[in-house]
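Asker: My structure is stored as model.pdb, with PDB, C-alpha atoms, pLDDT in the B column.
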```pdb
ATOM      1  CA  MET A  21       0.000   0.000   0.000  1.00 76.00           C
ATOM      2  CA  ILE A  22       1.278   3.463  -0.960  1.00 85.00           C
ATOM      3  CA  PHE A  23       0.163   6.909   0.185  1.00 84.00           C
ATOM      4  CA  ASP A  24       1.058  10.353  -1.132  1.00 86.00           C
ATOM      5  CA  PHE A  25       2.753  12.685   1.324  1.00 88.00           C
ATOM      6  CA  ARG A  26       0.792  15.942   1.463  1.00 85.00           C
ATOM      7  CA  PHE A  27       2.621  18.478   3.587  1.00 85.00           C
ATOM      8  CA  TRP A  28      -0.179  20.838   4.626  1.00 83.00           C
ATOM      9  CA  ARG A  29      -2.775  18.109   4.943  1.00 86.00           C
ATOM     10  CA  TYR A  30      -0.721  16.129   7.435  1.00 87.00           C
ATOM     11  CA  PHE A  31       0.530  19.268   9.180  1.00 84.00           C
ATOM     12  CA  SER A  32      -2.910  19.633  10.745  1.00 82.00           C
ATOM     13  CA  ASN A  33      -3.617  15.882  10.959  1.00 86.00           C
ATOM     14  CA  GLN A  34      -0.600  14.235  12.533  1.00 85.00           C
ATOM     15  CA  GLN A  35      -2.486  11.125  13.629  1.00 88.00           C
ATOM     16  CA  GLU A  36      -3.474  10.276  10.063  1.00 90.00           C
ATOM     17  CA  LEU A  37       0.164  10.677   9.039  1.00 90.00           C
ATOM     18  CA  ILE A  38       1.287   8.362  11.850  1.00 90.00           C
ATOM     19  CA  ASP A  39      -1.302   5.744  10.865  1.00 89.00           C
ATOM     20  CA  ASN A  40      -0.237   5.887   7.217  1.00 89.00           C
ATOM     21  CA  LEU A  41       3.448   5.566   8.104  1.00 90.00           C
ATOM     22  CA  GLU A  42       2.651   2.448  10.120  1.00 86.00           C
ATOM     23  CA  GLN A  43       0.634   0.787   7.374  1.00 86.00           C
ATOM     24  CA  ALA A  44       1.892   2.013   4.018  1.00 82.00           C
ATOM     25  CA  GLN A  45       4.852   3.205   1.993  1.00 86.00           C
ATOM     26  CA  MET A  46       5.223   6.941   1.442  1.00 90.00           C
ATOM     27  CA  ARG A  47       5.969   8.746  -1.815  1.00 87.00           C
ATOM     28  CA  ASP A  48       6.502  12.374  -2.878  1.00 87.00           C
ATOM     29  CA  PHE A  49       8.407  13.093   0.339  1.00 92.00           C
ATOM     30  CA  LYS A  50      11.596  14.323  -1.349  1.00 91.00           C
ATOM     31  CA  GLN A  51       9.667  16.950  -3.292  1.00 92.00           C
ATOM     32  CA  ARG A  52       8.332  18.370  -0.022  1.00 92.00           C
ATOM     33  CA  VAL A  53      11.821  18.413   1.455  1.00 94.00           C
ATOM     34  CA  TRP A  54      12.998  20.497  -1.495  1.00 94.00           C
ATOM     35  CA  MET A  55       9.961  22.767  -1.101  1.00 94.00           C
ATOM     36  CA  VAL A  56      10.710  23.500   2.563  1.00 95.00           C
ATOM     37  CA  GLY A  57      14.423  23.919   1.819  1.00 95.00           C
ATOM     38  CA  ILE A  58      13.877  26.418  -0.994  1.00 96.00           C
ATOM     39  CA  LEU A  59      11.330  28.406   1.008  1.00 96.00           C
ATOM     40  CA  GLY A  60      13.783  28.472   3.910  1.00 96.00           C
ATOM     41  CA  LEU A  61      16.572  29.822   1.708  1.00 96.00           C
ATOM     42  CA  LEU A  62      14.243  32.500   0.331  1.00 96.00           C
ATOM     43  CA  LEU A  63      13.266  33.524   3.873  1.00 96.00           C
ATOM     44  CA  PHE A  64      16.870  33.841   5.054  1.00 94.00           C
ATOM     45  CA  ALA A  65      17.760  35.716   1.848  1.00 93.00           C
ATOM     46  CA  ALA A  66      14.861  38.156   2.306  1.00 93.00           C
ATOM     47  CA  ARG A  67      15.871  38.833   5.918  1.00 90.00           C
ATOM     48  CA  GLU A  68      19.434  39.509   4.810  1.00 86.00           C
ATOM     49  CA  LEU A  69      18.435  41.798   1.932  1.00 85.00           C
ATOM     50  CA  TRP A  70      16.163  43.760   4.267  1.00 84.00           C
ATOM     51  CA  GLY A  71      19.205  44.302   6.491  1.00 75.00           C
ATOM     52  CA  MET A  72      18.235  42.178   9.463  1.00 76.00           C
ATOM     53  CA  ASN A  73      21.236  41.544  11.751  1.00 69.00           C
ATOM     54  CA  THR A  74      23.606  43.420   9.422  1.00 63.00           C
ATOM     55  CA  GLU A  75      23.836  46.641  11.453  1.00 61.00           C
ATOM     56  CA  GLN A  76      27.570  46.281  12.057  1.00 61.00           C
ATOM     57  CA  LEU A  77      28.257  46.363   8.326  1.00 58.00           C
ATOM     58  CA  THR A  78      27.419  50.085   8.330  1.00 59.00           C
ATOM     59  CA  SER A  79      30.848  50.923   9.765  1.00 58.00           C
ATOM     60  CA  ILE A  80      32.463  49.263   6.733  1.00 56.00           C
ATOM     61  CA  PHE A  81      30.893  51.878   4.471  1.00 53.00           C
ATOM     62  CA  ALA A  82      32.525  54.683   6.471  1.00 51.00           C
ATOM     63  CA  VAL A  83      35.948  53.038   6.358  1.00 59.00           C
ATOM     64  CA  GLY A  84      36.096  51.449   2.922  1.00 54.00           C
ATOM     65  CA  GLY A  85      33.537  53.334   0.888  1.00 58.00           C
ATOM     66  CA  ASN A  86      30.831  52.038  -1.396  1.00 65.00           C
ATOM     67  CA  ASP A  87      32.868  49.318  -3.160  1.00 66.00           C
ATOM     68  CA  THR A  88      34.063  47.695   0.060  1.00 67.00           C
ATOM     69  CA  TYR A  89      30.578  47.907   1.549  1.00 68.00           C
ATOM     70  CA  SER A  90      29.045  46.270  -1.533  1.00 73.00           C
ATOM     71  CA  LEU A  91      31.597  43.464  -1.334  1.00 74.00           C
ATOM     72  CA  ALA A  92      30.863  43.025   2.372  1.00 72.00           C
ATOM     73  CA  ARG A  93      27.124  42.801   1.684  1.00 76.00           C
ATOM     74  CA  VAL A  94      27.699  40.157  -0.995  1.00 80.00           C
ATOM     75  CA  MET A  95      29.899  38.146   1.345  1.00 81.00           C
ATOM     76  CA  SER A  96      27.317  38.525   4.100  1.00 79.00           C
ATOM     77  CA  PHE A  97      24.576  37.357   1.744  1.00 86.00           C
ATOM     78  CA  VAL A  98      26.542  34.257   0.719  1.00 88.00           C
ATOM     79  CA  GLY A  99      27.350  33.576   4.346  1.00 85.00           C
ATOM     80  CA  ILE A 100      23.715  33.735   5.434  1.00 89.00           C
ATOM     81  CA  LEU A 101      22.717  31.294   2.694  1.00 92.00           C
ATOM     82  CA  LEU A 102      25.403  28.864   3.848  1.00 93.00           C
ATOM     83  CA  TRP A 103      24.198  29.309   7.432  1.00 91.00           C
ATOM     84  CA  ALA A 104      20.607  28.665   6.318  1.00 94.00           C
ATOM     85  CA  LEU A 105      21.674  25.373   4.720  1.00 95.00           C
ATOM     86  CA  ILE A 106      23.586  24.336   7.851  1.00 94.00           C
ATOM     87  CA  TYR A 107      20.704  25.388  10.125  1.00 94.00           C
ATOM     88  CA  MET A 108      18.049  23.458   8.200  1.00 95.00           C
ATOM     89  CA  ALA A 109      20.284  20.432   7.619  1.00 96.00           C
ATOM     90  CA  PHE A 110      21.119  20.206  11.312  1.00 95.00           C
ATOM     91  CA  HIS A 111      17.496  20.253  12.427  1.00 95.00           C
ATOM     92  CA  PHE A 112      16.443  17.908   9.631  1.00 95.00           C
ATOM     93  CA  PHE A 113      19.259  15.361   9.326  1.00 95.00           C
ATOM     94  CA  GLY A 114      21.201  15.902  12.547  1.00 95.00           C
ATOM     95  CA  ILE A 115      18.366  15.802  15.073  1.00 95.00           C
ATOM     96  CA  ALA A 116      16.629  12.987  13.180  1.00 96.00           C
ATOM     97  CA  PHE A 117      19.817  10.910  13.362  1.00 96.00           C
ATOM     98  CA  LEU A 118      20.268  11.698  17.066  1.00 96.00           C
ATOM     99  CA  LEU A 119      16.692  10.702  17.867  1.00 95.00           C
ATOM    100  CA  HIS A 120      17.122   7.560  15.787  1.00 95.00           C
ATOM    101  CA  LYS A 121      20.122   6.506  17.872  1.00 95.00           C
ATOM    102  CA  LEU A 122      18.422   7.327  21.174  1.00 94.00           C
ATOM    103  CA  THR A 123      14.947   5.938  20.492  1.00 93.00           C
ATOM    104  CA  HIS A 124      15.646   3.301  17.798  1.00 92.00           C
ATOM    105  CA  VAL A 125      12.763   4.658  15.715  1.00 94.00           C
ATOM    106  CA  GLU A 126      13.318   4.287  11.963  1.00 93.00           C
ATOM    107  CA  LEU A 127      15.310   7.167  10.537  1.00 94.00           C
ATOM    108  CA  SER A 128      12.891   7.577   7.621  1.00 92.00           C
ATOM    109  CA  LYS A 129       9.991   8.200  10.010  1.00 93.00           C
ATOM    110  CA  LEU A 130      11.991  10.650  12.106  1.00 95.00           C
ATOM    111  CA  ALA A 131      12.960  12.516   8.932  1.00 95.00           C
ATOM    112  CA  VAL A 132       9.257  13.156   8.326  1.00 95.00           C
ATOM    113  CA  LEU A 133       8.918  14.434  11.889  1.00 95.00           C
ATOM    114  CA  GLN A 134      11.905  16.746  11.586  1.00 96.00           C
ATOM    115  CA  LEU A 135      10.688  18.164   8.294  1.00 96.00           C
ATOM    116  CA  TYR A 136       7.722  19.546  10.204  1.00 95.00           C
ATOM    117  CA  VAL A 137      10.062  20.789  12.932  1.00 96.00           C
ATOM    118  CA  VAL A 138      12.072  22.727  10.344  1.00 96.00           C
ATOM    119  CA  ALA A 139       8.839  24.120   8.904  1.00 96.00           C
ATOM    120  CA  ILE A 140       7.685  25.322  12.344  1.00 96.00           C
ATOM    121  CA  LEU A 141      11.044  26.999  12.983  1.00 95.00           C
ATOM    122  CA  LEU A 142      10.796  28.759   9.622  1.00 96.00           C
ATOM    123  CA  VAL A 143       7.236  29.874  10.368  1.00 96.00           C
ATOM    124  CA  GLU A 144       8.461  31.449  13.619  1.00 94.00           C
ATOM    125  CA  LYS A 145      11.232  33.296  11.775  1.00 94.00           C
ATOM    126  CA  ALA A 146       8.812  34.394   9.051  1.00 95.00           C
ATOM    127  CA  LEU A 147       6.327  35.808  11.564  1.00 95.00           C
ATOM    128  CA  LEU A 148       9.088  37.691  13.367  1.00 93.00           C
ATOM    129  CA  PHE A 149      10.309  39.033  10.029  1.00 93.00           C
ATOM    130  CA  VAL A 150       6.845  40.336   9.153  1.00 93.00           C
ATOM    131  CA  ILE A 151       6.517  41.987  12.581  1.00 92.00           C
ATOM    132  CA  PHE A 152       9.945  43.621  12.230  1.00 89.00           C
ATOM    133  CA  ILE A 153       9.027  44.952   8.788  1.00 90.00           C
ATOM    134  CA  LEU A 154       5.784  46.429  10.099  1.00 91.00           C
ATOM    135  CA  LEU A 155       7.523  48.017  13.093  1.00 87.00           C
ATOM    136  CA  GLY A 156      10.633  49.047  11.167  1.00 83.00           C
ATOM    137  CA  ILE A 157      12.920  47.754  13.925  1.00 81.00           C
ATOM    138  CA  THR A 158      14.567  44.515  15.007  1.00 80.00           C
ATOM    139  CA  THR A 159      15.292  43.028  18.413  1.00 80.00           C
ATOM    140  CA  PRO A 160      18.007  40.543  19.433  1.00 78.00           C
ATOM    141  CA  VAL A 161      15.386  38.339  21.092  1.00 81.00           C
ATOM    142  CA  SER A 162      12.292  36.608  19.756  1.00 85.00           C
ATOM    143  CA  LEU A 163       8.957  38.147  20.668  1.00 86.00           C
ATOM    144  CA  PHE A 164       7.543  34.624  20.930  1.00 89.00           C
ATOM    145  CA  SER A 165      10.145  33.440  23.434  1.00 89.00           C
ATOM    146  CA  PHE A 166      10.847  33.902  27.120  1.00 87.00           C
ATOM    147  CA  GLY A 167      13.849  36.069  26.211  1.00 85.00           C
ATOM    148  CA  PRO A 168      12.091  39.445  26.629  1.00 84.00           C
ATOM    149  CA  LEU A 169      10.594  38.298  29.944  1.00 83.00           C
ATOM    150  CA  ALA A 170      13.977  37.060  31.159  1.00 84.00           C
ATOM    151  CA  GLY A 171      15.514  40.401  30.186  1.00 80.00           C
ATOM    152  CA  THR A 172      13.239  42.217  32.638  1.00 83.00           C
ATOM    153  CA  PHE A 173      14.436  40.126  35.589  1.00 82.00           C
ATOM    154  CA  LEU A 174      17.937  39.000  34.659  1.00 79.00           C
ATOM    155  CA  GLU A 175      21.019  40.989  33.741  1.00 77.00           C
ATOM    156  CA  GLN A 176      23.197  38.120  32.537  1.00 81.00           C
ATOM    157  CA  SER A 177      23.161  37.912  28.738  1.00 81.00           C
ATOM    158  CA  PHE A 178      23.747  34.159  28.844  1.00 82.00           C
ATOM    159  CA  PHE A 179      20.426  33.466  30.561  1.00 85.00           C
ATOM    160  CA  ILE A 180      18.595  35.881  28.273  1.00 86.00           C
ATOM    161  CA  PHE A 181      20.017  34.068  25.233  1.00 85.00           C
ATOM    162  CA  PHE A 182      19.109  30.746  26.837  1.00 89.00           C
ATOM    163  CA  PHE A 183      15.466  31.643  27.474  1.00 90.00           C
ATOM    164  CA  ASN A 184      15.315  33.200  24.014  1.00 89.00           C
ATOM    165  CA  GLN A 185      15.596  29.673  22.591  1.00 89.00           C
ATOM    166  CA  LEU A 186      12.496  28.575  24.507  1.00 90.00           C
ATOM    167  CA  SER A 187       9.339  29.864  22.845  1.00 93.00           C
ATOM    168  CA  ILE A 188       5.731  28.898  22.205  1.00 94.00           C
ATOM    169  CA  PHE A 189       6.952  27.337  18.981  1.00 95.00           C
ATOM    170  CA  THR A 190       9.448  25.257  20.977  1.00 94.00           C
ATOM    171  CA  ALA A 191       6.558  23.964  23.065  1.00 94.00           C
ATOM    172  CA  LEU A 192       4.667  23.048  19.893  1.00 94.00           C
ATOM    173  CA  ILE A 193       7.709  21.235  18.517  1.00 96.00           C
ATOM    174  CA  ILE A 194       8.181  19.305  21.762  1.00 96.00           C
ATOM    175  CA  ALA A 195       4.531  18.244  21.739  1.00 94.00           C
ATOM    176  CA  ILE A 196       4.751  17.019  18.137  1.00 95.00           C
ATOM    177  CA  GLN A 197       8.044  15.200  18.721  1.00 96.00           C
ATOM    178  CA  VAL A 198       6.793  13.452  21.860  1.00 96.00           C
ATOM    179  CA  ARG A 199       3.554  12.363  20.197  1.00 93.00           C
ATOM    180  CA  PHE A 200       5.305  11.189  17.053  1.00 94.00           C
ATOM    181  CA  ILE A 201       8.084   9.258  18.786  1.00 95.00           C
ATOM    182  CA  ARG A 202       5.648   7.660  21.216  1.00 94.00           C
ATOM    183  CA  ALA A 203       3.717   6.167  18.297  1.00 92.00           C
ATOM    184  CA  PHE A 204       6.797   4.294  17.027  1.00 93.00           C
ATOM    185  CA  SER A 205       8.754   3.641  20.219  1.00 91.00           C
ATOM    186  CA  ASP A 206       8.463   1.223  23.104  1.00 88.00           C
ATOM    187  CA  TYR A 207       9.687   3.804  25.599  1.00 91.00           C
ATOM    188  CA  LYS A 208       7.316   5.209  28.202  1.00 93.00           C
ATOM    189  CA  LEU A 209       5.773   8.623  27.629  1.00 92.00           C
ATOM    190  CA  SER A 210       7.682  10.099  30.585  1.00 93.00           C
ATOM    191  CA  GLN A 211      10.983   8.802  29.194  1.00 94.00           C
ATOM    192  CA  ILE A 212      10.320  10.234  25.755  1.00 95.00           C
ATOM    193  CA  PHE A 213       9.271  13.567  27.227  1.00 95.00           C
ATOM    194  CA  LEU A 214      12.413  13.828  29.381  1.00 96.00           C
ATOM    195  CA  LEU A 215      14.583  12.859  26.408  1.00 96.00           C
ATOM    196  CA  VAL A 216      13.078  15.478  24.105  1.00 96.00           C
ATOM    197  CA  ILE A 217      13.133  18.176  26.807  1.00 96.00           C
ATOM    198  CA  SER A 218      16.792  17.405  27.558  1.00 95.00           C
ATOM    199  CA  ILE A 219      17.754  17.766  23.894  1.00 95.00           C
ATOM    200  CA  HIS A 220      16.058  21.154  23.634  1.00 95.00           C
ATOM    201  CA  ILE A 221      17.627  22.405  26.864  1.00 94.00           C
ATOM    202  CA  LEU A 222      21.067  21.245  25.726  1.00 93.00           C
ATOM    203  CA  MET A 223      20.621  22.976  22.369  1.00 92.00           C
ATOM    204  CA  ALA A 224      19.494  26.162  24.123  1.00 90.00           C
ATOM    205  CA  LEU A 225      22.578  26.089  26.362  1.00 90.00           C
ATOM    206  CA  ILE A 226      24.906  25.582  23.387  1.00 88.00           C
ATOM    207  CA  THR A 227      23.200  28.355  21.403  1.00 84.00           C
ATOM    208  CA  ALA A 228      23.429  30.735  24.365  1.00 81.00           C
ATOM    209  CA  ALA A 229      27.142  29.987  24.738  1.00 81.00           C
ATOM    210  CA  VAL A 230      27.811  30.444  21.023  1.00 74.00           C
ATOM    211  CA  GLY A 231      25.973  33.774  21.208  1.00 66.00           C
ATOM    212  CA  PHE A 232      28.923  35.194  23.141  1.00 62.00           C
ATOM    213  CA  ILE A 233      31.317  34.552  20.261  1.00 61.00           C
ATOM    214  CA  PRO A 234      31.608  37.901  18.393  1.00 53.00           C
ATOM    215  CA  PHE A 235      31.508  36.498  14.854  1.00 54.00           C
ATOM    216  CA  GLU A 236      30.097  39.707  13.359  1.00 57.00           C
ATOM    217  CA  GLU A 237      32.732  41.875  15.048  1.00 58.00           C
ATOM    218  CA  TRP A 238      35.514  39.611  13.766  1.00 53.00           C
ATOM    219  CA  TYR A 239      34.063  39.768  10.295  1.00 51.00           C
ATOM    220  CA  VAL A 240      33.762  43.561  10.358  1.00 52.00           C
ATOM    221  CA  ARG A 241      37.327  43.976  11.631  1.00 58.00           C
ATOM    222  CA  LEU A 242      38.587  41.635   8.910  1.00 55.00           C
ATOM    223  CA  VAL A 243      36.877  43.598   6.156  1.00 52.00           C
ATOM    224  CA  GLU A 244      37.791  46.971   7.662  1.00 52.00           C
ATOM    225  CA  GLY A 245      41.405  45.849   7.933  1.00 55.00           C
ATOM    226  CA  GLY A 246      41.437  44.879   4.272  1.00 50.00           C
ATOM    227  CA  ALA A 247      39.897  48.215   3.326  1.00 48.00           C
ATOM    228  CA  THR A 248      42.503  50.109   5.364  1.00 47.00           C
ATOM    229  CA  VAL A 249      45.358  48.249   3.692  1.00 42.00           C
ATOM    230  CA  GLU A 250      43.996  49.198   0.294  1.00 48.00           C
TER     231      GLU A 250
END
```
Translate the structure described by the file into structure tokens.

Answerer:
Amino acid sequence: MIFDFRFWRYFSNQQELIDNLEQAQMRDFKQRVWMVGILGLLLFAARELWGMNTEQLTSIFAVGGNDTYSLARVMSFVGILLWALIYMAFHFFGIAFLLHKLTHVELSKLAVLQLYVVAILLVEKALLFVIFILLGITTPVSLFSFGPLAGTFLEQSFFIFFFNQLSIFTALIIAIQVRFIRAFSDYKLSQIFLLVISIHILMALITAAVGFIPFEEWYVRLVEGGATVE
């Protein structure tokens, strides 16, 4: 028995998707992977072209002039596309492989799960992008996360970055992952829940730590140094 994978149909009907995966062979999945991947690249590209998170490039214009600034923007654009590929591949392939090793659920089934996870993450970024466009400003924290709330009580940037990774979309992802894995695993619900929660907390801690690495400042200094030499 074969069933056609319909992204939006199963997005709102996860149980039907789980039942079909248990009983039949899936087709048209790769096309949906390409669809999500291309839409993700377009989203990251649009954010970059709008100037989101590129504020530090402004100083390059003052030092190196228009030509150096244009080159820096091109390099930044290429870099964000590479980051988008790494970001989506990690959440799609990397997390699926990790869950496969920890839960022994078939990798092909977990790939379907993680495709929806990637889609939810992109939806969150898209909504934030629309809000930023309407307001004409950007913030270093997500409006859907606990980051803004943490910023009102905590002064340490690490904890603000940490809580910024925990949002209402994270809760939705956890719920979908727990439900999906439970359908194909022999582990208890409590075990699956603790496993998924632990992964998200670990990822939030790593992301918060990486947030202290001044990649943008290093990049700006590198370009400004090249402009000065010229």

Asker: Translate the PyMOL selection byres ((chain A and resi 123) around 8) into a concrete residue list for this structure, as an MDAnalysis selection string.

Answerer: chainID A and resid 119:122 124:125 201 205 207

Asker: So how far away is atom CA of A:Gln176 from atom CA of A:Ser218, in Å?

Answerer: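 Computing the Euclidean distance for atom CA of A:Ser218 and atom CA of A:Gln176 yields 22.2 Å.
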
Asker: Would you mind listing what lies within 8 Å of stretch 96-113 of chain A as a list in words, with all atoms listed in the file counted and same-chain residues fewer than 4 positions away left out?

Answerer: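 Residues near the query, excluding close chain neighbours: Gly57, Gly60, Leu61, Phe64, Ala65, Glu68, Leu69, Ala92, Phe117, Ala131, Gln134, Leu135, Val137 and Val138 of chain A.
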
Asker: Neighbours of A:Val161 within 8 Å (all atoms listed in the file; same-chain residues fewer than 6 positions away dropped), as a PDB file with C-alpha atoms, in the coordinates of the input?

Answerer:
```pdb
ATOM      1  CA  GLY A 167      13.849  36.069  26.211  1.00 85.00           C
ATOM      2  CA  PRO A 168      12.091  39.445  26.629  1.00 84.00           C
ATOM      3  CA  PHE A 181      20.017  34.068  25.233  1.00 85.00           C
ATOM      4  CA  ASN A 184      15.315  33.200  24.014  1.00 89.00           C
TER       5      ASN A 184
END
```

Asker: Name the residues that the PyMOL selection byres ((chain A and resi 21) around 12) picks from the file above, as a VMD selection string, using the file's chain letters and numbers.

Answerer: chain A and resid 22 to 24 40 to 47

Asker: Pull C-alpha atoms from the residues just selected and write them as an mmCIF file, keeping the file's coordinate frame.

Answerer:
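What ended up in part.cif:
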```cif
data_model
loop_
_atom_site.group_PDB
_atom_site.id
_atom_site.type_symbol
_atom_site.label_atom_id
_atom_site.label_comp_id
_atom_site.auth_asym_id
_atom_site.auth_seq_id
_atom_site.Cartn_x
_atom_site.Cartn_y
_atom_site.Cartn_z
ATOM 1 C CA ILE A 22 1.278 3.463 -0.960
ATOM 2 C CA PHE A 23 0.163 6.909 0.185
ATOM 3 C CA ASP A 24 1.058 10.353 -1.132
ATOM 4 C CA ASN A 40 -0.237 5.887 7.217
ATOM 5 C CA LEU A 41 3.448 5.566 8.104
ATOM 6 C CA GLU A 42 2.651 2.448 10.120
ATOM 7 C CA GLN A 43 0.634 0.787 7.374
ATOM 8 C CA ALA A 44 1.892 2.013 4.018
ATOM 9 C CA GLN A 45 4.852 3.205 1.993
ATOM 10 C CA MET A 46 5.223 6.941 1.442
ATOM 11 C CA ARG A 47 5.969 8.746 -1.815
#
```

Asker: Have a look at A:Thr158, A:Thr227, A:Ser210, A:Gln51 and name the one nearest to A:Phe182; count all atoms listed in the file.

Answerer: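 Closest to A:Phe182, using all atoms listed in the file: A:Thr227.
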
Asker: Nearest to A:Trp28 among A:Ile151, A:Leu174, A:Met55, A:Leu169, with distances taken over only C-alpha atoms: which residue is it?

Answerer: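 Once distances to A:Trp28 are computed over only C-alpha atoms, the minimum belongs to A:Met55.
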
Asker: Put a box with edges along x, y and z around all the listed atoms of stretch 204-208 of chain A, pad it by 4 Å on each side, then give me its centre and sizes in Å, one decimal, as JSON.

Answerer:
```
{"center_x": 8.2, "center_y": 3.2, "center_z": 22.6, "size_x": 10.9, "size_y": 12.0, "size_z": 19.2}
```
